[in-house]
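K.L.:
My structure is stored as coords-v8.cif, with mmCIF, C-alpha atoms and all ligand atoms.
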```cif
data_entry
loop_
_atom_site.label_atom_id
_atom_site.label_comp_id
_atom_site.auth_asym_id
_atom_site.auth_seq_id
_atom_site.Cartn_x
_atom_site.Cartn_y
_atom_site.Cartn_z
CA MET A 36 -116.78 223.25 -61.95
CA TRP A 37 -115.45 220.05 -63.59
CA THR A 38 -112.74 222.10 -65.34
CA ARG A 39 -111.56 223.39 -61.95
CA HIS A 40 -111.12 219.85 -60.58
CA LEU A 41 -109.54 218.63 -63.82
CA PHE A 42 -106.96 221.42 -63.95
CA LEU A 43 -106.15 221.13 -60.25
CA LYS A 44 -105.59 217.40 -60.79
CA LEU A 45 -103.42 218.04 -63.84
CA SER A 46 -101.40 220.61 -61.86
CA ALA A 47 -99.79 217.63 -60.03
CA ASN A 48 -99.09 215.60 -63.22
CA SER A 49 -95.31 215.34 -63.69
CA THR A 50 -95.35 214.05 -67.30
CA LEU A 51 -97.48 216.91 -68.54
CA ARG A 52 -95.38 219.26 -66.43
CA ARG A 53 -92.11 218.15 -68.08
CA TRP A 54 -93.67 218.43 -71.53
CA MET A 55 -95.15 221.88 -70.96
CA GLU A 56 -92.17 223.41 -69.14
CA SER A 57 -89.88 222.36 -72.00
CA SER A 58 -92.28 223.42 -74.78
CA PRO A 59 -90.81 225.90 -77.29
CA HIS A 60 -94.11 227.80 -76.93
CA ALA A 61 -93.70 228.13 -73.15
CA ARG A 62 -92.79 231.81 -73.01
CA HIS A 63 -95.58 232.74 -75.35
CA LEU A 64 -97.97 230.77 -73.18
CA THR A 65 -96.93 232.14 -69.81
CA GLU A 66 -96.02 235.76 -70.46
CA ARG A 67 -99.46 236.97 -69.51
CA PHE A 68 -99.07 235.64 -65.94
CA ILE A 69 -95.31 235.34 -65.36
CA ALA A 70 -92.73 238.15 -65.47
CA GLY A 71 -89.88 236.08 -66.94
CA GLU A 72 -87.37 233.39 -66.11
CA THR A 73 -84.68 235.50 -64.42
CA LEU A 74 -84.51 237.75 -61.36
CA GLU A 75 -83.43 240.68 -63.55
CA GLN A 76 -86.55 240.31 -65.72
CA GLU A 77 -88.63 240.14 -62.55
CA LEU A 78 -87.05 243.26 -61.06
CA ASP A 79 -87.59 245.15 -64.35
CA VAL A 80 -91.28 244.30 -64.24
CA CYS A 81 -91.53 245.31 -60.55
CA ALA A 82 -89.73 248.61 -61.18
CA ASN A 83 -92.04 249.32 -64.08
CA LEU A 84 -95.12 248.60 -61.94
CA GLU A 85 -93.83 250.87 -59.22
CA GLN A 86 -93.60 253.72 -61.71
CA GLN A 87 -97.32 253.18 -62.26
CA GLY A 88 -97.98 253.36 -58.52
CA VAL A 89 -98.30 249.60 -57.98
CA TRP A 90 -96.17 247.56 -55.55
CA ALA A 91 -95.08 243.96 -56.03
CA ALA A 92 -94.67 240.70 -54.14
CA LEU A 93 -91.94 238.63 -55.83
CA ASP A 94 -92.64 234.92 -56.14
CA HIS A 95 -89.75 232.70 -57.24
CA LEU A 96 -91.71 229.81 -58.75
CA GLY A 97 -91.18 226.36 -57.32
CA GLU A 98 -92.92 223.96 -54.95
CA SER A 99 -92.09 220.73 -53.09
CA VAL A 100 -88.31 220.35 -53.26
CA THR A 101 -86.84 216.85 -52.93
CA THR A 102 -83.56 217.56 -51.09
CA LEU A 103 -82.46 219.86 -48.30
CA ASP A 104 -79.88 221.35 -50.69
CA GLU A 105 -82.68 222.40 -53.04
CA ALA A 106 -84.57 223.85 -50.08
CA ALA A 107 -81.53 225.92 -49.04
CA GLN A 108 -81.10 227.06 -52.66
CA SER A 109 -84.72 228.25 -52.66
CA ALA A 110 -83.98 230.36 -49.60
CA GLU A 111 -80.85 231.75 -51.27
CA ALA A 112 -82.88 232.68 -54.38
CA TYR A 113 -85.10 234.78 -52.12
CA VAL A 114 -82.12 236.35 -50.36
CA ALA A 115 -80.85 237.34 -53.84
CA ALA A 116 -84.31 238.72 -54.67
CA LEU A 117 -84.24 240.84 -51.50
CA ASP A 118 -80.74 242.09 -52.42
CA GLY A 119 -82.15 243.07 -55.84
CA ILE A 120 -85.10 244.86 -54.19
CA ALA A 121 -82.68 246.80 -51.96
CA ALA A 122 -80.29 247.65 -54.83
CA ARG A 123 -83.16 249.08 -56.89
CA LYS A 124 -84.79 250.72 -53.84
CA LEU A 125 -88.15 249.08 -54.53
CA ALA A 126 -91.07 248.87 -52.10
CA SER A 127 -91.47 245.18 -52.99
CA VAL A 128 -91.82 242.21 -50.66
CA VAL A 129 -91.21 238.51 -51.34
CA SER A 130 -93.73 235.68 -51.12
CA ILE A 131 -92.56 232.16 -50.25
CA LYS A 132 -93.97 228.63 -49.92
CA ILE A 133 -92.96 226.30 -47.10
CA THR A 134 -92.90 223.24 -49.42
CA GLN A 135 -90.25 225.09 -51.43
CA PHE A 136 -88.27 225.57 -48.20
CA GLY A 137 -88.24 221.86 -47.33
CA VAL A 138 -91.08 221.41 -44.82
CA ASP A 139 -91.77 217.85 -46.04
CA LEU A 140 -88.12 216.87 -45.51
CA SER A 141 -87.32 218.59 -42.23
CA PRO A 142 -89.60 221.06 -40.40
CA ALA A 143 -86.59 222.39 -38.47
CA ALA A 144 -84.53 223.02 -41.63
CA CYS A 145 -87.56 224.65 -43.23
CA LEU A 146 -87.99 227.01 -40.30
CA ALA A 147 -84.27 227.88 -40.43
CA ASN A 148 -84.59 228.64 -44.18
CA VAL A 149 -87.62 230.85 -43.57
CA VAL A 150 -85.85 232.65 -40.72
CA ARG A 151 -82.85 233.30 -43.00
CA VAL A 152 -85.11 235.07 -45.51
CA VAL A 153 -87.15 236.89 -42.84
CA GLU A 154 -83.99 238.27 -41.21
CA LYS A 155 -82.72 239.39 -44.61
CA GLY A 156 -86.08 241.04 -45.30
CA LYS A 157 -85.95 242.84 -41.99
CA SER A 158 -82.41 244.09 -42.67
CA ILE A 159 -83.55 245.87 -45.85
CA GLY A 160 -86.89 247.12 -44.46
CA SER A 161 -88.97 244.66 -46.47
CA ARG A 162 -91.38 241.87 -45.51
CA VAL A 163 -91.82 238.17 -46.18
CA GLU A 164 -95.27 236.88 -47.10
CA ILE A 165 -95.92 233.15 -46.66
CA ASP A 166 -98.32 231.68 -49.22
CA MET A 167 -100.87 229.15 -48.02
CA GLU A 168 -100.83 225.80 -49.81
CA SER A 169 -103.24 222.87 -49.48
CA SER A 170 -104.93 222.15 -46.14
CA ARG A 171 -102.27 219.50 -45.36
CA TYR A 172 -99.96 222.45 -44.70
CA THR A 173 -102.22 224.94 -42.92
CA ASP A 174 -101.10 224.20 -39.35
CA ARG A 175 -97.44 223.98 -40.30
CA THR A 176 -97.59 227.21 -42.31
CA LEU A 177 -99.24 229.14 -39.49
CA TYR A 178 -96.79 227.72 -36.95
CA ILE A 179 -93.83 228.84 -39.07
CA ALA A 180 -95.41 232.25 -39.69
CA GLU A 181 -95.85 232.75 -35.94
CA GLN A 182 -92.29 231.65 -35.11
CA ALA A 183 -90.72 233.75 -37.88
CA SER A 184 -92.80 236.84 -37.12
CA ALA A 185 -90.95 237.17 -33.81
CA LEU A 186 -87.79 237.85 -35.86
CA GLY A 187 -89.01 240.14 -38.61
CA PRO A 188 -92.03 241.34 -40.59
CA VAL A 189 -94.12 238.44 -41.90
CA ARG A 190 -97.57 238.24 -43.49
CA CYS A 191 -99.50 234.98 -43.54
CA VAL A 192 -102.31 233.93 -45.86
CA ILE A 193 -105.77 232.81 -44.83
CA GLN A 194 -108.09 231.06 -47.31
CA ALA A 195 -111.78 231.91 -47.01
CA TYR A 196 -112.86 228.51 -48.38
CA LEU A 197 -111.63 226.72 -45.23
CA HIS A 198 -114.15 226.23 -42.42
CA ARG A 199 -111.40 226.87 -39.84
CA SER A 200 -110.42 230.31 -41.14
CA ARG A 201 -112.46 232.49 -38.78
CA ALA A 202 -110.52 231.12 -35.79
CA ASP A 203 -107.23 231.55 -37.68
CA VAL A 204 -108.01 235.16 -38.59
CA GLU A 205 -108.93 235.96 -35.00
CA ARG A 206 -105.70 234.40 -33.76
CA MET A 207 -103.57 236.35 -36.28
CA ASN A 208 -105.37 239.55 -35.30
CA ARG A 209 -104.62 238.89 -31.62
CA LEU A 210 -100.96 238.23 -32.45
CA ARG A 211 -100.87 241.34 -34.67
CA ILE A 212 -99.62 239.31 -37.64
CA PRO A 213 -100.75 240.84 -40.94
CA VAL A 214 -102.98 238.59 -43.06
CA ARG A 215 -103.50 238.25 -46.81
CA LEU A 216 -107.08 237.11 -47.31
CA CYS A 217 -107.74 235.05 -50.45
CA LYS A 218 -110.49 232.62 -51.45
CA GLY A 219 -108.24 229.55 -51.81
CA ALA A 220 -106.85 227.81 -54.90
CA TYR A 221 -106.54 224.08 -54.08
CA ASP A 222 -108.84 221.10 -54.45
CA GLU A 223 -110.13 220.47 -50.92
CA PRO A 224 -112.58 217.92 -49.48
CA VAL A 225 -115.95 219.20 -48.27
CA THR A 226 -114.96 218.24 -44.74
CA VAL A 227 -112.46 221.11 -44.64
CA ALA A 228 -113.68 223.61 -47.26
CA PHE A 229 -116.97 225.10 -48.46
CA PRO A 230 -117.82 223.46 -51.79
CA SER A 231 -120.11 226.26 -53.01
CA LYS A 232 -118.82 229.57 -54.35
CA ALA A 233 -121.67 231.44 -52.64
CA ASP A 234 -120.55 230.15 -49.23
CA VAL A 235 -116.90 230.95 -49.93
CA ASP A 236 -117.85 234.48 -50.98
CA GLU A 237 -119.99 235.02 -47.87
CA HIS A 238 -117.16 233.77 -45.63
CA TYR A 239 -114.71 236.01 -47.50
CA LEU A 240 -116.88 239.07 -46.78
CA GLN A 241 -117.17 238.20 -43.08
CA LEU A 242 -113.42 237.70 -42.73
CA MET A 243 -112.67 240.88 -44.68
CA ARG A 244 -114.77 242.86 -42.19
CA THR A 245 -113.03 241.23 -39.21
CA LEU A 246 -109.64 242.02 -40.71
CA LEU A 247 -110.49 245.64 -41.46
CA ASP A 248 -111.87 246.10 -37.93
CA ASP A 249 -109.23 244.25 -35.89
CA GLY A 250 -106.38 243.19 -38.20
CA THR A 251 -102.90 244.62 -38.65
CA TYR A 252 -102.53 246.18 -42.11
CA PRO A 253 -104.50 243.40 -43.88
CA ALA A 254 -104.21 242.60 -47.58
CA ILE A 255 -107.47 241.91 -49.39
CA ALA A 256 -106.42 239.63 -52.27
CA THR A 257 -109.09 239.11 -54.92
CA HIS A 258 -110.16 240.02 -58.46
CA ASP A 259 -113.82 239.68 -57.62
CA PRO A 260 -115.54 243.06 -58.19
CA ARG A 261 -118.15 242.21 -55.54
CA MET A 262 -115.46 241.61 -52.89
CA LEU A 263 -113.61 244.78 -53.93
CA GLU A 264 -116.72 246.96 -53.78
CA ALA A 265 -117.76 245.50 -50.42
CA THR A 266 -114.28 246.22 -49.04
CA THR A 267 -114.15 249.85 -50.16
CA ALA A 268 -117.74 250.40 -48.95
CA TYR A 269 -116.99 248.87 -45.54
CA ALA A 270 -113.80 250.91 -45.14
CA LEU A 271 -115.71 254.10 -45.95
CA GLU A 272 -118.54 253.21 -43.56
CA ARG A 273 -116.12 252.50 -40.69
CA GLY A 274 -113.84 255.48 -41.41
CA ILE A 275 -110.87 253.20 -42.18
CA SER A 276 -108.43 255.20 -44.29
CA ALA A 277 -106.93 253.77 -47.50
CA ASP A 278 -103.43 253.55 -45.96
CA ARG A 279 -104.57 251.01 -43.32
CA PHE A 280 -104.92 248.09 -45.74
CA GLU A 281 -103.91 247.11 -49.26
CA PHE A 282 -105.48 245.25 -52.14
CA GLN A 283 -103.54 242.48 -53.81
CA MET A 284 -104.05 240.88 -57.23
CA LEU A 285 -102.15 238.51 -59.47
CA TYR A 286 -99.92 239.85 -62.23
CA GLY A 287 -101.77 239.85 -65.55
CA ILE A 288 -105.28 239.29 -64.16
CA ARG A 289 -108.04 241.94 -64.36
CA ARG A 290 -105.75 244.82 -65.31
CA ASP A 291 -108.89 246.96 -65.72
CA LEU A 292 -109.73 246.58 -62.03
CA GLN A 293 -106.09 247.13 -61.07
CA ARG A 294 -106.04 250.50 -62.86
CA LYS A 295 -109.36 251.50 -61.35
CA LEU A 296 -108.21 250.87 -57.76
CA VAL A 297 -105.02 252.89 -58.25
CA GLU A 298 -106.97 255.76 -59.85
CA GLN A 299 -109.30 255.73 -56.84
CA GLY A 300 -106.31 256.15 -54.53
CA TYR A 301 -106.17 252.63 -53.04
CA ARG A 302 -102.95 250.76 -52.35
CA LEU A 303 -102.37 247.85 -54.71
CA ARG A 304 -99.71 245.15 -54.67
CA LEU A 305 -99.38 242.59 -57.45
CA TYR A 306 -98.12 239.08 -56.90
CA VAL A 307 -95.50 238.73 -59.62
CA PRO A 308 -94.06 235.23 -60.26
CA TYR A 309 -90.83 234.47 -62.12
CA GLY A 310 -88.65 231.43 -62.82
CA THR A 311 -88.73 228.27 -64.89
CA ALA A 312 -90.91 226.06 -62.62
CA TRP A 313 -94.14 227.75 -63.68
CA TYR A 314 -96.38 224.74 -64.36
CA PRO A 315 -98.35 224.28 -61.05
CA TYR A 316 -98.91 228.04 -60.68
CA PHE A 317 -100.05 228.32 -64.28
CA MET A 318 -102.45 225.36 -63.97
CA ARG A 319 -104.06 226.85 -60.85
CA ARG A 320 -104.73 230.04 -62.82
CA LEU A 321 -106.36 227.99 -65.58
CA ALA A 322 -108.49 226.19 -63.00
CA GLU A 323 -109.87 229.51 -61.78
CA ARG A 324 -111.33 230.50 -65.09
CA PRO A 325 -112.64 228.15 -67.79
CA ALA A 326 -112.10 230.82 -70.49
CA ASN A 327 -108.35 230.50 -69.86
CA VAL A 328 -108.47 226.92 -71.13
CA PHE A 329 -109.32 228.14 -74.65
CA PHE A 330 -106.41 230.55 -74.33
CA LEU A 331 -104.14 227.60 -73.46
CA VAL A 332 -105.26 225.43 -76.37
CA ARG A 333 -104.97 228.30 -78.86
CA ASN A 334 -101.41 229.09 -77.77
CA LEU A 335 -100.09 225.54 -77.39
CA PHE A 336 -101.12 224.35 -80.82
CA HIS A 337 -101.01 227.42 -83.06
P1 LIG A 401 -113.08 234.53 -58.28
O1 LIG A 401 -112.42 233.23 -58.53
O2 LIG A 401 -114.51 234.55 -57.83
O3 LIG A 401 -112.92 235.41 -59.59
C1 LIG A 401 -113.50 236.70 -59.72
C2 LIG A 401 -113.20 237.24 -61.12
O4 LIG A 401 -111.78 237.46 -61.23
C3 LIG A 401 -113.50 236.27 -62.24
O5 LIG A 401 -114.83 236.36 -62.65
C4 LIG A 401 -112.53 236.74 -63.30
O6 LIG A 401 -112.99 237.91 -63.93
C5 LIG A 401 -111.31 237.13 -62.50
N1 LIG A 401 -110.33 236.02 -62.39
C6 LIG A 401 -110.07 235.28 -61.29
N2 LIG A 401 -109.10 234.39 -61.53
C7 LIG A 401 -108.74 234.56 -62.82
C8 LIG A 401 -107.80 233.93 -63.67
N3 LIG A 401 -107.03 232.95 -63.24
N4 LIG A 401 -107.70 234.36 -64.94
C9 LIG A 401 -108.48 235.36 -65.40
N5 LIG A 401 -109.41 236.00 -64.64
C10 LIG A 401 -109.54 235.61 -63.38
N6 LIG A 401 -104.55 231.06 -53.12
C11 LIG A 401 -104.09 230.18 -52.21
O7 LIG A 401 -104.67 229.13 -52.01
N7 LIG A 401 -102.96 230.50 -51.48
C12 LIG A 401 -102.30 231.67 -51.62
O8 LIG A 401 -101.29 231.91 -50.94
C13 LIG A 401 -102.80 232.59 -52.58
N8 LIG A 401 -102.19 233.80 -52.78
C14 LIG A 401 -102.77 234.72 -53.59
C15 LIG A 401 -102.24 236.01 -53.69
C16 LIG A 401 -102.88 236.98 -54.42
C17 LIG A 401 -102.29 238.35 -54.51
C18 LIG A 401 -104.12 236.67 -55.08
C19 LIG A 401 -104.88 237.72 -55.84
C20 LIG A 401 -104.63 235.40 -55.03
C21 LIG A 401 -103.96 234.41 -54.30
N9 LIG A 401 -104.46 233.12 -54.25
C22 LIG A 401 -103.94 232.25 -53.33
C23 LIG A 401 -105.49 232.66 -55.23
C24 LIG A 401 -106.89 232.80 -54.68
O9 LIG A 401 -107.09 231.88 -53.64
C25 LIG A 401 -107.94 232.55 -55.77
O10 LIG A 401 -107.79 231.25 -56.28
C26 LIG A 401 -107.87 233.52 -56.94
O11 LIG A 401 -107.54 234.82 -56.51
C27 LIG A 401 -109.23 233.61 -57.66
O12 LIG A 401 -110.20 234.09 -56.78
P2 LIG A 401 -110.79 235.58 -56.80
O13 LIG A 401 -110.84 236.08 -55.43
O14 LIG A 401 -110.03 236.41 -57.76
O15 LIG A 401 -112.32 235.42 -57.20
#
```
Output the file's structure in the form of structure tokens.
Ligand code: FDA

P.N.:
Amino acid sequence: MWTRHLFLKLSANSTLRRWMESSPHARHLTERFIAGETLEQELDVCANLEQQGVWAALDHLGESVTTLDEAAQSAEAYVAALDGIAARKLASVVSIKITQFGVDLSPAACLANVVRVVEKGKSIGSRVEIDMESSRYTDRTLYIAEQASALGPVRCVIQAYLHRSRADVERMNRLRIPVRLCKGAYDEPVTVAFPSKADVDEHYLQLMRTLLDDGTYPAIATHDPRMLEATTAYALERGISADRFEFQMLYGIRRDLQRKLVEQGYRLRLYVPYGTAWYPYFMRRLAERPANVFFLVRNLFH
């Protein structure tokens, strides 16, 4: 547990970030989790996955921009990604973060940036998924998701570790906004999030059932075999066919389970990040699994 807090704390450390992102070993270190630095590398990976029957959600890495110009450039990077998806006729979607679109600088400009990408997504028959960041952003993220979903297909993310999430899931179900259900990846105070894994898991199972019963094409995002088995069992029990929901996992994590789901005939989408600003994403992945820390040390200093 201490490693989780330590790595989540380090994920916000700018000195370590500069050092690691400019390390000559960076590519070697990140290639397991990150498709590459360029859009072309990303699209190659997504096309390859699609040949194996797996869809993708493209994530152009980057968080918390400092100017509105940078925020607009983030939106343009996603418009270019959607153009690439259309040119290659992929079934991919894109996944964005509101901090990357300038929410801390101007909520109105952020919404306009999101709308620009959502309208582009709609024009090519794709969808925009909006990642959920720390609890400081939950209300703002859901507000933007609701506004943007009036203009084109949007999926929002709900984190099972938050106490508030049942109400949020029920609201999204009422509004017919598709949800990606994940456990939650940030360091949260006990006042807003369950501190124990057992409670998070139990909440995840409850929300999964609500989404399968009443949600609109939900995405069940997890690598936890217990959550996966409970989902397939519940769908079978309720007669919910495999085309009414999808599983989502992160690129490079639990490839064994990924293969198994596809072989069993379930829909699977991988979240595939690309770009140079990989540090916070990478550190959150380390925080999730202590064994990854040994992997980091081995690769940084060999
Ligand atoms: P759990 O952490 O219990 O892990 C179950 C098993 O999965 C582990 O025992 C291990 O085998 C494997 N595993 C999990 N993480 C691993 C890792 N990093 N390296 C190696 N093995 C690992 N979070 C968030 O706050 N906002 C968001 O928008 C998203 N979006 C998102 C999209 C998708 C597609 C996924 C799969 C996940 C997210 N997340 C997220 C992250 C999520 O909240 C959570 O932190 C991770 O998925 C880890 O939780 P699991 O459900 O996998 O279970």

K.L.:
Would you list the residues that come within 7 Å of ligand LIG 401 (chain A)? Count all atoms listed in the file and give the answer as a ChimeraX atom specification.

P.N.:
/A:165-169,192,194,217-221,256-260,283-285,288-289,305-306,320-324,327

K.L.:
Do a neighbour search on Gly160 (chain A) at 12 Å with all atoms listed in the file, toss out local chain neighbours closer than 3 positions, and write the hits as a compact mmCIF listing (two decimals) with C-alpha atoms, in the coordinates of the input.

P.N.:
```
# COMPACT_ATOMS: atom_id res chain seq x y z
CA LEU A 117 -84.24 240.84 -51.50
CA ASP A 118 -80.74 242.09 -52.42
CA ILE A 120 -85.10 244.86 -54.19
CA ALA A 121 -82.68 246.80 -51.96
CA LYS A 124 -84.79 250.72 -53.84
CA LEU A 125 -88.15 249.08 -54.53
CA ALA A 126 -91.07 248.87 -52.10
CA SER A 127 -91.47 245.18 -52.99
CA VAL A 128 -91.82 242.21 -50.66
CA VAL A 129 -91.21 238.51 -51.34
CA VAL A 153 -87.15 236.89 -42.84
CA GLU A 154 -83.99 238.27 -41.21
CA LYS A 155 -82.72 239.39 -44.61
CA GLY A 156 -86.08 241.04 -45.30
CA LYS A 157 -85.95 242.84 -41.99
CA VAL A 163 -91.82 238.17 -46.18
CA GLY A 187 -89.01 240.14 -38.61
CA PRO A 188 -92.03 241.34 -40.59
CA VAL A 189 -94.12 238.44 -41.90
```

K.L.:
What's the 10 Å shell around Ala107 (chain A), counting all atoms listed in the file, without same-chain residues fewer than 6 positions away, as a VMD selection string?

P.N.:
chain A and resid 100 135 to 137 144 to 145 147 to 149 151

K.L.:
Can you work out the spacing between CA of Glu205 (chain A) and CA of Ile193 (chain A) in Å, to one decimal?

P.N.:
10.8 Å

K.L.:
May I ask which of the residues A:Ser49, A:Thr73, A:Ser58, A:Thr134 is the closest one to Gly119 (chain A), counting all atoms listed in the file?

P.N.:
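So, comparing all the options, the nearest one is A:Thr73.
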
K.L.:
Quick one: 3 Å padding each side, axis-aligned, all listed atoms of region 128-133 of chain A - centre and edge lengths in Å to one decimal, as lines of an AutoDock Vina configuration file?

P.N.:
```
center_x = -92.6
center_y = 234.3
center_z = -49.2
size_x = 8.8
size_y = 21.9
size_z = 10.2
```

K.L.:
Work out how far apart CA of Asn208 (chain A) and CA of Glu272 (chain A) are and give it in Å to one decimal.

P.N.:
20.7 Å

K.L.:
Provide the CA of Asp139 (chain A) to CA of Gly97 (chain A) distance in Å, to one decimal place.

P.N.:
14.1 Å

K.L.:
Select, from A:Val227, A:Ile131, A:Met55, A:Leu45, the residue with the minimum atom-to-atom distance to Glu111 (chain A), counting all atoms listed in the file.

P.N.:
A:Ile131

K.L.:
Between A:Tyr196, A:Leu247, A:Ile133, A:Ala268, which is the closest to Val225 (chain A) once you count only C-alpha atoms?

P.N.:
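That would be A:Tyr196, the residue with the smallest distance to Val225 (chain A).
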
K.L.:
Give as a PyMOL selection string every residue, naming chains and numbers as the document does, that has an atom within 12 Å of (-87.1, 229.5, -66.2), counting only C-alpha atoms.

P.N.:
chain A and resi 56-58+61-62+65-66+69-74+76-77+95-97+308-314

K.L.:
When you count all atoms listed in the file, which of these residues is closest to Gly287 (chain A): A:Met318, A:Leu186, A:Trp54, A:Val80?

P.N.:
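With all atoms listed in the file as the atom set, the closest residue is A:Val80.
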
K.L.:
Given the choices A:Ile179, A:Val328, A:Leu303, A:Ile255, which gets closest to Ala92 (chain A) if the distance is worked out from all atoms listed in the file?

P.N.:
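Result for the nearest residue to Ala92 (chain A): A:Leu303.
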